>>> print(open('target_24.tsv').read())   # TSV, C-alpha atoms
chain	number	residue	atom	x	y	z
A	6	MET	CA	-20.68	6.03	10.99
A	7	SER	CA	-22.63	5.24	14.14
A	8	GLY	CA	-20.94	5.26	17.53
A	9	HIS	CA	-21.61	1.53	17.85
A	10	PHE	CA	-19.86	0.83	14.53
A	11	ILE	CA	-16.85	2.96	15.46
A	12	ALA	CA	-16.61	1.27	18.86
A	13	ASP	CA	-16.67	-2.16	17.19
A	14	ILE	CA	-13.89	-1.13	14.81
A	15	SER	CA	-11.82	0.24	17.71
A	16	VAL	CA	-12.03	-3.02	19.66
A	17	LEU	CA	-11.19	-5.17	16.64
A	18	LEU	CA	-8.46	-2.77	15.55
A	19	GLY	CA	-6.86	-3.12	18.98
A	20	ARG	CA	-6.94	-6.89	18.56
A	21	SER	CA	-5.23	-6.70	15.14
A	22	LEU	CA	-2.61	-4.23	16.34
A	23	ARG	CA	-1.75	-6.49	19.27
A	24	HIS	CA	-1.04	-9.24	16.75
A	25	ILE	CA	1.30	-6.85	14.93
A	26	THR	CA	3.18	-5.87	18.10
A	27	ARG	CA	3.63	-9.53	18.97
A	28	SER	CA	5.16	-10.24	15.55
A	29	LEU	CA	7.25	-7.18	14.69
A	30	ASP	CA	9.03	-9.34	12.14
A	31	THR	CA	6.08	-8.53	9.86
A	32	ILE	CA	7.02	-4.86	9.66
A	33	ILE	CA	10.72	-5.70	9.53
A	34	THR	CA	10.15	-8.09	6.63
A	35	THR	CA	8.10	-5.59	4.64
A	36	THR	CA	10.85	-2.98	4.94
A	37	ILE	CA	13.80	-5.22	4.07
A	38	THR	CA	12.95	-5.66	0.38
A	39	PRO	CA	12.27	-1.95	-0.34
A	40	ILE	CA	15.41	-0.89	1.54
A	41	ALA	CA	17.45	-3.50	-0.35
A	42	MET	CA	16.07	-2.11	-3.63
A	43	LEU	CA	16.87	1.42	-2.52
A	44	LEU	CA	20.46	0.43	-1.78
A	45	LEU	CA	20.86	-1.65	-4.95
A	46	PHE	CA	19.48	0.90	-7.39
A	47	THR	CA	21.18	3.87	-5.73
A	48	TYR	CA	24.68	2.48	-5.21
A	49	VAL	CA	24.94	-0.18	-7.94
A	50	LEU	CA	22.71	0.90	-10.83
A	51	GLY	CA	22.08	4.57	-10.10
A	52	GLY	CA	25.31	5.75	-11.67
A	53	ALA	CA	24.18	4.47	-15.06
A	54	ILE	CA	20.75	6.14	-14.90
A	55	ASN	CA	20.21	9.77	-15.81
A	56	ALA	CA	17.67	11.19	-13.35
A	57	GLY	CA	18.23	14.82	-14.30
A	58	SER	CA	19.49	17.41	-11.85
A	59	GLU	CA	18.32	15.64	-8.67
A	60	SER	CA	20.13	12.80	-6.94
A	61	TYR	CA	19.01	9.33	-7.94
A	62	VAL	CA	17.91	8.40	-4.40
A	63	THR	CA	15.61	11.42	-4.44
A	64	TYR	CA	14.27	10.40	-7.85
A	65	LEU	CA	13.86	6.79	-6.73
A	66	LEU	CA	12.20	7.20	-3.33
A	67	PRO	CA	8.54	7.72	-4.43
A	68	GLY	CA	8.52	4.44	-6.32
A	69	ILE	CA	10.17	2.61	-3.43
A	70	LEU	CA	7.46	3.90	-1.09
A	71	LEU	CA	4.78	2.38	-3.32
A	72	ILE	CA	6.69	-0.92	-3.39
A	73	THR	CA	6.85	-0.81	0.42
A	74	ILE	CA	3.06	-0.55	0.58
A	75	ALA	CA	2.55	-3.26	-2.04
A	76	SER	CA	4.79	-5.56	0.01
A	77	GLY	CA	2.96	-4.84	3.23
A	78	ILE	CA	-0.58	-5.55	2.07
A	79	ALA	CA	0.26	-9.21	1.44
A	80	TYR	CA	0.20	-9.65	5.21
A	81	THR	CA	-3.32	-8.23	5.36
A	82	ALA	CA	-4.55	-10.95	3.01
A	83	PHE	CA	-2.60	-13.55	5.01
A	84	ARG	CA	-4.04	-12.45	8.40
A	85	LEU	CA	-7.55	-12.26	6.97
A	86	PHE	CA	-7.19	-15.77	5.53
A	87	LEU	CA	-6.06	-17.13	8.92
A	88	ASP	CA	-9.02	-15.50	10.69
A	89	LEU	CA	-11.43	-16.92	8.13
A	90	LYS	CA	-10.02	-20.45	8.32
A	91	GLY	CA	-9.65	-20.29	12.10
A	92	GLY	CA	-13.37	-19.78	12.59
A	93	ILE	CA	-13.07	-16.36	14.22
A	94	PHE	CA	-15.57	-14.90	11.73
A	95	GLU	CA	-18.26	-17.33	12.87
A	96	ARG	CA	-17.51	-16.39	16.47
A	97	PHE	CA	-17.87	-12.69	15.67
A	98	GLN	CA	-21.19	-13.38	13.94
A	99	SER	CA	-22.59	-14.70	17.20
A	100	MET	CA	-21.74	-11.38	18.88
A	101	PRO	CA	-23.50	-8.01	18.55
A	102	ILE	CA	-20.77	-6.67	16.26
A	103	ALA	CA	-21.22	-4.77	13.00
A	104	ARG	CA	-20.32	-7.21	10.25
A	105	SER	CA	-18.17	-4.83	8.20
A	106	ALA	CA	-16.21	-3.80	11.32
A	107	VAL	CA	-14.15	-6.99	10.98
A	108	LEU	CA	-12.91	-6.00	7.53
A	109	TRP	CA	-12.34	-2.37	8.48
A	110	ALA	CA	-10.20	-3.44	11.44
A	111	HIS	CA	-7.92	-5.41	9.12
A	112	VAL	CA	-7.80	-2.53	6.62
A	113	LEU	CA	-6.93	0.11	9.23
A	114	THR	CA	-4.30	-2.18	10.73
A	115	SER	CA	-2.76	-2.37	7.25
A	116	VAL	CA	-2.72	1.42	6.97
A	117	ILE	CA	-0.98	1.85	10.35
A	118	ALA	CA	1.57	-0.93	9.74
A	119	ASN	CA	2.37	0.32	6.24
A	120	LEU	CA	2.82	3.91	7.41
A	121	ILE	CA	5.36	2.67	9.97
A	122	SER	CA	7.21	0.80	7.21
A	123	VAL	CA	7.09	3.88	4.96
A	124	ALA	CA	8.52	6.04	7.76
A	125	VAL	CA	11.42	3.61	8.22
A	126	VAL	CA	12.19	3.64	4.48
A	127	VAL	CA	12.09	7.47	4.38
A	128	LEU	CA	14.54	7.65	7.31
A	129	VAL	CA	16.91	5.27	5.50
A	130	ALA	CA	16.58	7.40	2.35
A	131	PHE	CA	17.53	10.53	4.33
A	132	ALA	CA	20.61	8.70	5.61
A	133	MET	CA	21.49	7.86	1.98
A	134	GLY	CA	21.24	11.46	0.82
A	135	PHE	CA	17.57	12.04	0.04
A	136	ARG	CA	16.79	15.73	0.31
A	137	THR	CA	13.57	17.65	-0.18
A	138	SER	CA	12.48	21.27	-0.03
A	139	ALA	CA	8.88	20.22	0.64
A	140	GLY	CA	7.04	22.16	3.32
A	141	PRO	CA	4.44	20.84	5.78
A	142	LEU	CA	1.56	21.12	3.28
A	143	ALA	CA	3.48	19.18	0.64
A	144	TRP	CA	4.35	16.47	3.17
A	145	LEU	CA	0.68	16.28	4.20
A	146	ALA	CA	-0.28	15.91	0.53
A	147	VAL	CA	2.25	13.09	0.11
A	148	LEU	CA	0.92	11.42	3.26
A	149	GLY	CA	-2.65	11.73	2.00
A	150	ILE	CA	-1.79	10.13	-1.34
A	151	LEU	CA	0.09	7.28	0.36
A	152	VAL	CA	-2.82	6.62	2.77
A	153	LEU	CA	-5.29	6.62	-0.12
A	154	PHE	CA	-3.02	4.30	-2.13
A	155	THR	CA	-2.71	1.98	0.90
A	156	LEU	CA	-6.48	1.89	1.36
A	157	ALA	CA	-6.97	1.05	-2.32
A	158	LEU	CA	-4.43	-1.78	-2.33
A	159	THR	CA	-5.58	-3.11	1.04
A	160	TRP	CA	-9.16	-3.50	-0.16
A	161	ILE	CA	-7.71	-5.40	-3.13
A	162	ALA	CA	-5.87	-7.58	-0.59
A	163	VAL	CA	-9.13	-8.33	1.20
A	164	ILE	CA	-10.41	-10.15	-1.90
A	165	PRO	CA	-7.74	-12.92	-2.00
A	166	GLY	CA	-7.81	-12.97	1.79
A	167	LEU	CA	-11.45	-14.07	1.57
A	168	THR	CA	-11.19	-16.31	-1.48
A	169	ALA	CA	-7.74	-17.97	-1.37
A	170	LYS	CA	-7.50	-21.72	-0.84
A	171	SER	CA	-4.15	-21.55	0.96
A	172	ALA	CA	-2.10	-19.10	3.01
A	173	ASP	CA	0.50	-18.88	0.24
A	174	GLY	CA	-2.21	-18.11	-2.29
A	175	ALA	CA	-3.57	-15.33	-0.10
A	176	GLY	CA	-0.29	-13.42	-0.23
A	177	ALA	CA	0.85	-14.32	-3.74
A	178	PHE	CA	-1.47	-11.78	-5.39
A	179	SER	CA	0.81	-8.95	-4.26
A	180	TYR	CA	3.70	-9.98	-6.54
A	181	PRO	CA	2.30	-8.29	-9.69
A	182	LEU	CA	1.63	-5.15	-7.63
A	183	ILE	CA	5.20	-5.11	-6.36
A	184	PHE	CA	6.60	-5.39	-9.89
A	185	LEU	CA	4.20	-2.87	-11.48
A	186	PRO	CA	6.44	0.09	-10.49
A	187	PHE	CA	9.24	-1.40	-12.60
A	188	VAL	CA	7.19	-0.61	-15.71
A	189	SER	CA	6.58	3.01	-14.77
A	190	SER	CA	8.50	6.21	-14.16
A	191	ALA	CA	9.57	4.94	-10.71
A	192	PHE	CA	13.08	3.85	-11.73
A	193	VAL	CA	13.76	5.51	-15.08
A	194	PRO	CA	12.06	8.24	-17.15
A	195	THR	CA	9.39	6.73	-19.39
A	196	GLY	CA	10.91	8.54	-22.38
A	197	THR	CA	13.75	5.99	-22.40
A	198	MET	CA	11.38	3.06	-22.95
A	199	PRO	CA	10.42	1.50	-26.32
A	200	GLY	CA	7.04	2.52	-27.76
A	201	PRO	CA	4.54	-0.08	-26.48
A	202	VAL	CA	6.20	-0.29	-23.06
A	203	ARG	CA	6.28	3.49	-22.82
A	204	ALA	CA	2.58	3.71	-23.69
A	205	PHE	CA	1.72	1.27	-20.92
A	206	ALA	CA	4.05	2.95	-18.41
A	207	GLU	CA	2.61	6.39	-19.03
A	208	HIS	CA	-1.00	5.27	-18.65
A	209	GLN	CA	-0.86	3.05	-15.59
A	210	PRO	CA	-1.58	4.32	-12.06
A	211	VAL	CA	1.92	4.05	-10.58
A	212	THR	CA	3.44	6.60	-12.97
A	213	SER	CA	0.94	9.35	-12.15
A	214	ILE	CA	1.24	8.69	-8.41
A	215	VAL	CA	5.06	8.58	-8.48
A	216	ASN	CA	5.30	11.74	-10.58
A	217	THR	CA	2.93	13.60	-8.26
A	218	ILE	CA	4.86	12.61	-5.12
A	219	ARG	CA	8.13	13.51	-6.85
A	220	ASP	CA	6.78	16.98	-7.75
A	221	LEU	CA	5.51	17.52	-4.20
A	222	PHE	CA	8.91	16.62	-2.74
A	223	ALA	CA	10.59	19.06	-5.16
A	224	GLU	CA	7.89	21.72	-4.62
A	225	ARG	CA	7.19	21.80	-8.33
A	226	PRO	CA	3.70	22.56	-9.69
A	227	VAL	CA	1.81	19.26	-9.79
A	228	GLY	CA	-0.65	20.40	-12.47
A	229	GLY	CA	-3.32	17.94	-13.53
A	230	GLY	CA	-1.18	14.96	-12.60
A	231	ILE	CA	-2.41	14.98	-9.02
A	232	TRP	CA	-6.02	14.62	-10.16
A	233	ILE	CA	-5.10	11.66	-12.33
A	234	ALA	CA	-3.28	10.07	-9.38
A	235	LEU	CA	-6.23	10.67	-7.06
A	236	ALA	CA	-8.68	9.38	-9.67
A	237	TRP	CA	-6.72	6.14	-9.97
A	238	CYS	CA	-6.57	5.68	-6.18
A	239	VAL	CA	-10.25	6.48	-5.62
A	240	GLY	CA	-11.37	4.38	-8.60
A	241	ILE	CA	-9.41	1.32	-7.46
A	242	LEU	CA	-10.60	1.85	-3.88
A	243	VAL	CA	-14.29	2.04	-4.81
A	244	VAL	CA	-14.21	-1.02	-7.07
A	245	ALA	CA	-12.15	-3.13	-4.64
A	246	TYR	CA	-14.32	-2.08	-1.69
A	247	PHE	CA	-17.50	-3.07	-3.53
A	248	VAL	CA	-16.15	-6.43	-4.71
A	249	ALA	CA	-14.65	-7.28	-1.30
A	250	ASN	CA	-17.90	-6.54	0.52
A	251	VAL	CA	-19.97	-8.60	-1.95
A	252	ILE	CA	-17.63	-11.57	-1.40
A	253	TYR	CA	-17.66	-11.04	2.36
A	254	ARG	CA	-21.46	-11.01	2.57
A	255	ARG	CA	-21.60	-14.26	0.61
A	256	LYS	CA	-18.99	-15.83	2.87
A	257	ILE	CA	-20.81	-15.05	6.10
A	258	SER	CA	-24.37	-15.52	4.84
>>> encode(input="target_24.tsv", output="C-alpha cells")
Amino acid sequence: MSGHFIADISVLLGRSLRHITRSLDTIITTTITPIAMLLLFTYVLGGAINAGSESYVTYLLPGILLITIASGIAYTAFRLFLDLKGGIFERFQSMPIARSAVLWAHVLTSVIANLISVAVVVLVAFAMGFRTSAGPLAWLAVLGILVLFTLALTWIAVIPGLTAKSADGAGAFSYPLIFLPFVSSAFVPTGTMPGPVRAFAEHQPVTSIVNTIRDLFAERPVGGGIWIALAWCVGILVVAYFVANVIYRRKIS
C-alpha cells in the first residue's frame, strides 16, 4: 500500500470510529444477544447437553464468539448504506482520496468494533466459569482466526450495504449468518444430528472454525482442521472482496 492510501484510510477510519464512540449503543446492542445466548444455553439448556469432559460454557464460547461477529457486521452494512444515501461518497469523489479507502475504513472499523464486542463476551464467559489452558501463542492464533473471520463477513456486509434499497434491508442479510452456527458443532456435537443435517453441519465453515478455536483453547492438536478453517475464511474473503469492489466501482462510476 502506498503512504497516500494508508493516510487516506487513517483519516476515514478516524471518522468512522468517532461515529462509533458517539453511539456506543451499537457495541452494547451487538453484545446483548450473544451474552443472552450464552446465559440461556449455559444455565437453562446446558444441563441437558453432553459436551464431554469440559464445562458447557467452555464448549459453547467459540460458537458464541462467531455469533457476536455475525451480529456486529450488520451495522457495517447499515453505516455504509447511510453514507451512500447521504451523498458522502460523491463528496469524497471530489477530493484527492483513494477510492477504495472509503470501503477499507468501514471494514477496519468493523474489525475494531467487533473485537471490542468479542472481548466483552469473553470476559462474561470467564465470569460464568469459562476456563482455558491456552498459552499466548494459542490466544494469538484464536485472535488471528477471529480477525480473518471478521474481515470475511465484513466484506460480505459491504455488498448489501452498497445494493440495499432500505436501511432495514442493509442489515437483514446478517440473520442467516447469525443462525448458521445453530446447524454446526457450536452448540452440540454433530454426531447427535440426523444424517442430512449432520452432513451439512460437518461441511460448512462454522464447524471447522469452531472446532479449531475449541482445540486451541484446550491446547489440543488442531491437525488439519485449522487449514480447513483458514481456507474457508480466506476463500469467503477473496470472493466477497472481489464482488464488493466490482459493485462499488459501478456505483461510483
>>> closest_residue(input="target_24.tsv", among="A:Val123, A:Ile257, A:Leu87, A:Ile150", to="Gly166 of chain A", atoms="all atoms listed in the file")
A:Leu87
>>> residues_around(input="target_24.tsv", residues="Thr168 of chain A", least_positions_apart="4", cutoff="10 Å", atoms="only C-alpha atoms", output="CSV table (one decimal) with C-alpha atoms, in the coordinates of the input")
chain,number,residue,atom,x,y,z
A,82,ALA,CA,-4.6,-11.0,3.0
A,86,PHE,CA,-7.2,-15.8,5.5
A,89,LEU,CA,-11.4,-16.9,8.1
A,163,VAL,CA,-9.1,-8.3,1.2
A,164,ILE,CA,-10.4,-10.2,-1.9
A,174,GLY,CA,-2.2,-18.1,-2.3
A,175,ALA,CA,-3.6,-15.3,-0.1
A,249,ALA,CA,-14.6,-7.3,-1.3
A,252,ILE,CA,-17.6,-11.6,-1.4
A,253,TYR,CA,-17.7,-11.0,2.4
A,256,LYS,CA,-19.0,-15.8,2.9
>>> closest_residue(input="target_24.tsv", among="A:Leu221, A:Val188, A:Leu158, A:Ala206", to="Gly77 of chain A", atoms="all atoms listed in the file")
A:Leu158
>>> closest_residue(input="target_24.tsv", among="A:Tyr246, A:Phe83, A:Phe131, A:Phe184", to="Val62 of chain A", atoms="only C-alpha atoms")
A:Phe131
>>> closest_atom_pairs(input="target_24.tsv", of="segment 87-165 of chain A", to="segment 222-243 of chain A", cutoff="10 Å", atoms="all atoms listed in the file", output="JSON lines")
{"residue": "A:Arg136", "atom": "CA", "partner": "A:Phe222", "partner_atom": "CA", "distance": 8.5}
{"residue": "A:Thr137", "atom": "CA", "partner": "A:Phe222", "partner_atom": "CA", "distance": 5.4}
{"residue": "A:Ser138", "atom": "CA", "partner": "A:Ala223", "partner_atom": "CA", "distance": 5.9}
{"residue": "A:Ala139", "atom": "CA", "partner": "A:Phe222", "partner_atom": "CA", "distance": 4.9}
{"residue": "A:Gly140", "atom": "CA", "partner": "A:Glu224", "partner_atom": "CA", "distance": 8.0}
{"residue": "A:Ala143", "atom": "CA", "partner": "A:Phe222", "partner_atom": "CA", "distance": 6.9}
{"residue": "A:Trp144", "atom": "CA", "partner": "A:Phe222", "partner_atom": "CA", "distance": 7.5}
{"residue": "A:Ala146", "atom": "CA", "partner": "A:Phe222", "partner_atom": "CA", "distance": 9.8}
{"residue": "A:Val147", "atom": "CA", "partner": "A:Phe222", "partner_atom": "CA", "distance": 8.1}
{"residue": "A:Gly149", "atom": "CA", "partner": "A:Leu235", "partner_atom": "CA", "distance": 9.8}
{"residue": "A:Ile150", "atom": "CA", "partner": "A:Leu235", "partner_atom": "CA", "distance": 7.3}
{"residue": "A:Leu151", "atom": "CA", "partner": "A:Cys238", "partner_atom": "CA", "distance": 9.5}
{"residue": "A:Val152", "atom": "CA", "partner": "A:Cys238", "partner_atom": "CA", "distance": 9.7}
{"residue": "A:Leu153", "atom": "CA", "partner": "A:Cys238", "partner_atom": "CA", "distance": 6.3}
{"residue": "A:Phe154", "atom": "CA", "partner": "A:Cys238", "partner_atom": "CA", "distance": 5.6}
{"residue": "A:Thr155", "atom": "CA", "partner": "A:Cys238", "partner_atom": "CA", "distance": 8.9}
{"residue": "A:Leu156", "atom": "CA", "partner": "A:Leu242", "partner_atom": "CA", "distance": 6.7}
{"residue": "A:Ala157", "atom": "CA", "partner": "A:Leu242", "partner_atom": "CA", "distance": 4.0}
{"residue": "A:Leu158", "atom": "CA", "partner": "A:Leu242", "partner_atom": "CA", "distance": 7.3}
{"residue": "A:Thr159", "atom": "CA", "partner": "A:Leu242", "partner_atom": "CA", "distance": 8.6}
{"residue": "A:Trp160", "atom": "CA", "partner": "A:Leu242", "partner_atom": "CA", "distance": 6.7}
{"residue": "A:Ile161", "atom": "CA", "partner": "A:Leu242", "partner_atom": "CA", "distance": 7.8}
>>> residues_around(input="target_24.tsv", residues="Ser190 of chain A", least_positions_apart="5", cutoff="12 Å", atoms="all atoms listed in the file", output="compact mmCIF listing (two decimals) with C-alpha atoms, keeping the file's coordinate frame")
# COMPACT_ATOMS: atom_id res chain seq x y z
CA ALA A 56 17.67 11.19 -13.35
CA TYR A 64 14.27 10.40 -7.85
CA LEU A 65 13.86 6.79 -6.73
CA LEU A 66 12.20 7.20 -3.33
CA PRO A 67 8.54 7.72 -4.43
CA GLY A 68 8.52 4.44 -6.32
CA ILE A 69 10.17 2.61 -3.43
CA LEU A 185 4.20 -2.87 -11.48
CA THR A 195 9.39 6.73 -19.39
CA GLY A 196 10.91 8.54 -22.38
CA THR A 197 13.75 5.99 -22.40
CA MET A 198 11.38 3.06 -22.95
CA VAL A 202 6.20 -0.29 -23.06
CA ARG A 203 6.28 3.49 -22.82
CA ALA A 204 2.58 3.71 -23.69
CA PHE A 205 1.72 1.27 -20.92
CA ALA A 206 4.05 2.95 -18.41
CA GLU A 207 2.61 6.39 -19.03
CA HIS A 208 -1.00 5.27 -18.65
CA GLN A 209 -0.86 3.05 -15.59
CA PRO A 210 -1.58 4.32 -12.06
CA VAL A 211 1.92 4.05 -10.58
CA THR A 212 3.44 6.60 -12.97
CA SER A 213 0.94 9.35 -12.15
CA ILE A 214 1.24 8.69 -8.41
CA VAL A 215 5.06 8.58 -8.48
CA ASN A 216 5.30 11.74 -10.58
CA THR A 217 2.93 13.60 -8.26
CA ILE A 218 4.86 12.61 -5.12
CA ARG A 219 8.13 13.51 -6.85
>>> atom_distance(input="target_24.tsv", atom1="atom CA of Leu43 of chain A", atom2="atom CA of Pro141 of chain A")
24.5 Å
>>> closest_residue(input="target_24.tsv", among="A:Pro165, A:Asp220, A:Leu120, A:Phe135", to="Ser179 of chain A", atoms="only C-alpha atoms")
A:Pro165
